[in-house]
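Report on the structure given below.
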Amino acid sequence: MKTKKSMLVAAWLLIIPVLAIRAFTTVYPILATIRNSFFDIRLLQGKNVFCGFENYIKAFKDPKVLTSIQFTVIFVVVSMLFHIILGVILALILNMKFKGQRFLRTIILIPWAMPAVVIGMAGKWAFNNDYGLVNDLIRRFINPNFNYSWLIYKDSARFAVIAMDLWKDLPFFAILVLSGLQFISHDIYEAARVDGASGLQCFTRITLPLITKNVATLTIPFTLWRLTSFDLVYSMTSGGPGEDTALIAYRITMEAFTNLNTGYAAALAVMLFIVMLVFTGINMKIQSKMSD
Amino acid sequence: MKKRVISLMLCGTLGAAMLAGCGSSSGSSSTESTASQAGTQAATETASETGTASDSTTESSGAQDNGDYDLTLYSIMTTDPDFDQWLADVEAGTGLNINVIAAPTDSDTRQQKITTMLSTGDSSVDIIEINDEMSTTFKNSGWLVGLNDTVMTDDIRDKFPQGYVSQMITNNDGQVIGVPGYTGYLAFWVNQEIMDEVGIDSIDNKDDFMKYMEAVSDGSRYGYGGSWEKTYVFNEIAQFVNMFGGDYYDWTNPANKEAMEFMHDLVKNNETSLDQLADKYEQMNPKAIDGKYGCWFYWGTGSEYEAADMLGADKIHQAMIPSFTDDGQRYIFTDSWSYVLNAASTHQDAAVTFLKYMADKGGMEASYKYFSRYPARADVAEEVVPDSDPAKEMYSKYASECNVMGRPMLPQTMEFISAMGTIFQSYVRDEITIDDFLTQAQSYVEQYQ
């Protein structure tokens with residue numbers, strides 16, 4: 001009994017430094033942000049006064065924020081949808097046995113290994129009408145007279161941002177799905193084939209049910225990363241044209257570090273934090289039900 | 001027992017490691033010489049990269065490393081191939097050992113980092129180069145040291161362009177907060193090869209400009225080119241407003257409306273490209289060099305065109321700003337990057353020595369020699385810049401024949417610039433009407449003024 005108690009003390013002693021660091025680097029900033037969200041803090045004007053829920057009310061009336069929320073929802077939903085569909089397809093391809101399989105598995109991770117800012121800058125040039133890779137390919141293979149500036153129109157600029165996001169992170173998602181696929185025993189497939197199951201039936205009755213939980217688990221961090229993504233837009237479109245591609249995390253960054261409206265930025269950050277908490281809670285609940 | 005001993009040892013090690021970072025910095029900050037020990041460049045960069053590095057951390061690391069540096073400069077010029085020679089020249093001229101931190105090349109990132117450093121009282125950087133947008137934003141914040149009594153004394157101040165100094169870098173208390181690093185103009189650039197091709201000798205007024213637009217534009221080539229990304233287009237909006245005799249702070253002025261409709265019509269008539277809504281200067285210049293634009297406005301002395309072997313009287317060159325009004329007035333914007341002194345700096349004496357040098361002939365000559373930066377002081381320019389430099393003749397003409405102005409900026413500079421750029425982009429894409437644009441522009445002026 002005494003040994004057990006002393007082990008517990010030792011365990012606490014070991015984790016106290018980590019807890020202290022975590023409290024200082026995570027808990028304190030969160031509490032400070034929540035506190036700041038109730039103040040009208042404008043560094044340039046030397047203003048720091050309590051304003052209650054004013055920042056929160058202002059957020060719902062601010063057209064820039066409303067545009068950001070709209071695009072963030074589109075960005076997260078569309079991007080995640082394609083992550084799941086294309087990610088699973090890519091994982092299935094990578095799970096097949098063919099020559100060069102290992103090489104392919106390695107090189108598809110290159111975009112993921114690059115910083116998002118670099119991807120964004122590459123995207124800015126890739127979608128340039130005069131010098132861009134995308135239009136050049138279209139002119140070579142589809143229409144030699146093709147002219148279109150992707151980043152100056154709302155819909156095409158949004159498409160371009162989502163495309164670059166997928167190009168960067170889809171391979172990583174696929175590799176993680178692949179790791180789940182590799183846990184499925186070949187015996188199950190062999191037994192199914194002996195029973196006369198087709199390839200499609202094997203996929204829908206065996207593969208899909210067995211990787212669903214894996215995919216659902218992956219969806220949490222990948223969705224949260226999309227919700228907090230700002231670097232891609234920052235370097236690729238600067239939120240333009242107008243504010244049409246300004247993700248909410250980008251808007252928060254601009255308010256906090258460019259416009260120096262710290263209180264308002266804190267309120268937006270708290271709102272995003274709540275959305276992320278709710279999303280994570282729902283997702284975990286679904287996963288728990290799936291386990292049952 | 002063994003496990004317990006190991007556990008205690010691990011705890012002890014962790015605790016010691018944590019406490020090691022909490023050493024007092026008093027020893028290192030007691031004197032100028034030790035306090036100025038900014039440490040290795042890598043260490044200092046790491047500190048400033050975080051943007052929240054405390055003074056004590058920086059001083060502490062500096063004290064532990066070495067005493068090589070007298071001050072730290074946050075510079076935008078480090079990517080210039082001649083930067084090392086410039087630094088050696090300045091170090092020789094000032095007798096200072098200068099630690100240099102490279103500022104990010106991206107304008108948004110740079111401004112955010114500098115804002116973070118100044119607003120948090122980060123003392124790891126002593127001298128910072130800031131542009132007009134940042135000068136307007138920071139000059140009344142108290143984050144920069146006033147230089148009237150030390151560097152920009154009356155006799156020195158009088159040698160700089162008075163309009164620029166008073167409009168852009170003087171705060172509400174009358175203190176000059178920076179030393180302009182050069183004089184730049186938002187010059188009017190033309191492609192002489194295209195002008196020769198279409199048979200137009202000069203673009204002196206609005207009629208000439210329109211004839212040139214018509215002659216040059218053919219769908220793949222445009223009479224006018226610009227950089228209309230939402231935070232860049234502000235320069236050209238303000239330039240055209242001036243050319244039409246308008247007032248950037250008064251959007252009820254009919255001349256402003258005329259200017260905006262003129263820019264809109266350039267797009268409508270295919271005389272300028274809507275593609276440039278996504279372009280910053282880095283996207284605009286390749287197009288200018290490739291002969292896609294007949295004329296454009298751009299800062300600098302044309303080093304990009306020179307690098308592409310396209311600078312010259314028969315290729316790309318600066319020209320006189322056309323006059324669009326009946327009174328024949330010409331308007332041009334001037335700009336600069338200024339060296340400013342961080343109020344949190346613990347190396348004020350060394351910083352003042354540096355700034356004095358940069359405000360004097362030696363510093364300006366070095367900047368001209370290594371960076372082709374045109375001296376901010378007319379007397380130094382006369383002495384240092386050879387007559388063979390085409391910029392000398394043109395800059396002299398700009399100064400004498402144009403109304404030289406600082407750009408219209410308000411304290412919340414970037415927010416204002418971005419807001420105006422956003423509605424301009426909406427207007428030229430026909431998402432809003434001219435009246436909507438004017439109403440919103442006026443409301444932004446009132447909001448941010």
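Chain labels follow the order of the structure tokens: the first chain is A, the next B, and so on; residue numbering restarts at 1 in every chain, and ligands are counted from 1 in their shown order.
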
Inset, instruction - Run DSSP on the backbone and give me the residues of region 5-237 of chain A it puts in alpha helix (DSSP H), as JSON, numbers by chain. - result: {"A": [5, 6, 7, 8, 9, 10, 11, 12, 13, 14, 15, 16, 17, 18, 19, 20, 21, 22, 28, 29, 30, 31, 32, 33, 34, 35, 36, 54, 55, 56, 57, 58, 59, 60, 61, 63, 64, 65, 66, 67, 68, 69, 70, 71, 72, 73, 74, 75, 76, 77, 78, 79, 80, 81, 82, 83, 84, 85, 86, 87, 88, 89, 90, 91, 92, 93, 94, 95, 101, 102, 103, 104, 105, 106, 107, 110, 111, 112, 113, 116, 117, 118, 119, 120, 121, 122, 123, 124, 125, 126, 133, 134, 135, 136, 137, 138, 139, 140, 141, 154, 155, 156, 157, 158, 159, 160, 161, 162, 163, 164, 165, 166, 167, 168, 169, 170, 171, 172, 173, 174, 175, 176, 177, 178, 179, 180, 181, 186, 187, 188, 189, 190, 191, 192, 193, 194, 199, 200, 201, 202, 208, 209, 210, 211, 212, 213, 214, 215, 216, 217, 218, 219, 220, 221, 222, 223, 224, 225, 226, 227, 231, 232, 233, 234, 235, 236]}

Legend entry - Contact set, chain A to chain B: 7 Å, only C-alpha atoms, as a list in words: Ala10, Leu13, Leu14, Leu44, Ser149, Leu151, Ile152, Gly242, Glu243, Phe257, Thr258 and Asn259 of chain A

Could those residues be written to a file, using C-alpha atoms, as a JSON list (two decimals), in the first residue's frame?
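Now in again.json:
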[["chain", "number", "residue", "atom", "x", "y", "z"],
["A", 10, "ALA", "CA", 6.72, 9.88, -7.90],
["A", 13, "LEU", "CA", 6.46, 14.61, -9.41],
["A", 14, "LEU", "CA", 7.39, 13.47, -12.88],
["A", 44, "LEU", "CA", -2.45, 51.69, -31.66],
["A", 149, "SER", "CA", -7.24, 34.38, -64.19],
["A", 151, "LEU", "CA", -7.48, 34.24, -58.46],
["A", 152, "ILE", "CA", -9.54, 37.30, -59.37],
["A", 242, "GLY", "CA", -11.80, 41.34, -51.80],
["A", 243, "GLU", "CA", -12.36, 39.21, -48.71],
["A", 257, "PHE", "CA", -1.40, 41.38, -35.84],
["A", 258, "THR", "CA", -2.06, 43.79, -38.71],
["A", 259, "ASN", "CA", -4.98, 45.88, -37.50]]

Inset, instruction - Write out as a count of residues only which residues come within 12 Å of Glu214 (chain B) when counting only C-alpha atoms, dropping same-chain ones fewer than 6 positions away. - result: 15

Inset, instruction - Mind checking which residues fall within 12 Å of Asp250 (chain B), counting only C-alpha atoms, ignoring those fewer than 5 positions away in the same chain, and posting them as a ChimeraX atom specification? - result: /B:238,241-242,245,255-257,408,438-446,449

Legend entry - Which residue of A:Met276, A:Leu104, A:Ile175, A:Leu66 approaches Ala91 (chain A) most closely, using only C-alpha atoms: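 For Ala91 (chain A), the nearest of the candidates is A:Ile175.
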
Legend entry - Shell of 12 Å around Tyr368 (chain B), only C-alpha atoms, local chain residues under 3 positions omitted, as an NGL selection string: :B and (82-83 or 86 or 181-183 or 301 or 358 or 361-365 or 371-377 or 380-381 or 383-386 or 389 or 391-392)

Inset, instruction - Using only C-alpha atoms, determine which residues lie at most 12 Å from Val77 (chain A), disregarding the query and same-chain residues fewer than 6 positions distant; provide the list as a list in words. - result: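 Residues near the query, excluding close chain neighbours: Gln70, Phe71, His83, Ile84, Ile162, Thr219, Phe222, Thr223, Leu224, Arg226 and Leu227 of chain A.
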
Would you mind exporting N, CA and C atoms of the selected residues as an mmCIF file, in the first residue's frame?
data_model
loop_
_atom_site.group_PDB
_atom_site.id
_atom_site.type_symbol
_atom_site.label_atom_id
_atom_site.label_comp_id
_atom_site.auth_asym_id
_atom_site.auth_seq_id
_atom_site.Cartn_x
_atom_site.Cartn_y
_atom_site.Cartn_z
ATOM 1 N N GLN A 70 -18.552 32.146 -43.978
ATOM 2 C CA GLN A 70 -19.128 31.439 -45.129
ATOM 3 C C GLN A 70 -18.053 30.623 -45.858
ATOM 4 N N PHE A 71 -16.914 31.262 -46.150
ATOM 5 C CA PHE A 71 -15.882 30.532 -46.887
ATOM 6 C C PHE A 71 -15.265 29.432 -46.030
ATOM 7 N N HIS A 83 -11.160 15.000 -49.155
ATOM 8 C CA HIS A 83 -10.121 14.271 -48.424
ATOM 9 C C HIS A 83 -10.574 12.825 -48.211
ATOM 10 N N ILE A 84 -11.838 12.677 -47.796
ATOM 11 C CA ILE A 84 -12.336 11.336 -47.475
ATOM 12 C C ILE A 84 -12.476 10.504 -48.758
ATOM 13 N N ILE A 162 -8.922 25.606 -52.322
ATOM 14 C CA ILE A 162 -9.280 24.248 -51.886
ATOM 15 C C ILE A 162 -8.425 23.214 -52.627
ATOM 16 N N THR A 219 -10.801 12.244 -39.255
ATOM 17 C CA THR A 219 -11.580 13.434 -39.606
ATOM 18 C C THR A 219 -11.456 14.532 -38.544
ATOM 19 N N PHE A 222 -8.010 16.468 -38.967
ATOM 20 C CA PHE A 222 -7.969 17.100 -40.295
ATOM 21 C C PHE A 222 -8.981 18.246 -40.396
ATOM 22 N N THR A 223 -10.148 18.070 -39.764
ATOM 23 C CA THR A 223 -11.133 19.162 -39.780
ATOM 24 C C THR A 223 -10.649 20.328 -38.924
ATOM 25 N N LEU A 224 -10.083 20.015 -37.781
ATOM 26 C CA LEU A 224 -9.586 21.090 -36.915
ATOM 27 C C LEU A 224 -8.454 21.863 -37.600
ATOM 28 N N ARG A 226 -8.175 22.303 -40.757
ATOM 29 C CA ARG A 226 -8.803 23.161 -41.796
ATOM 30 C C ARG A 226 -9.395 24.409 -41.126
ATOM 31 N N LEU A 227 -10.027 24.188 -39.957
ATOM 32 C CA LEU A 227 -10.651 25.324 -39.262
ATOM 33 C C LEU A 227 -9.622 26.369 -38.831
#

Legend entry - region 191-193 of chain B surroundings by only C-alpha atoms, 9 Å radius, close-in-sequence under 2 positions cut, as a PyMOL selection string: chain B and resi 189+195-198+201+288-289+291+293-295+312-318
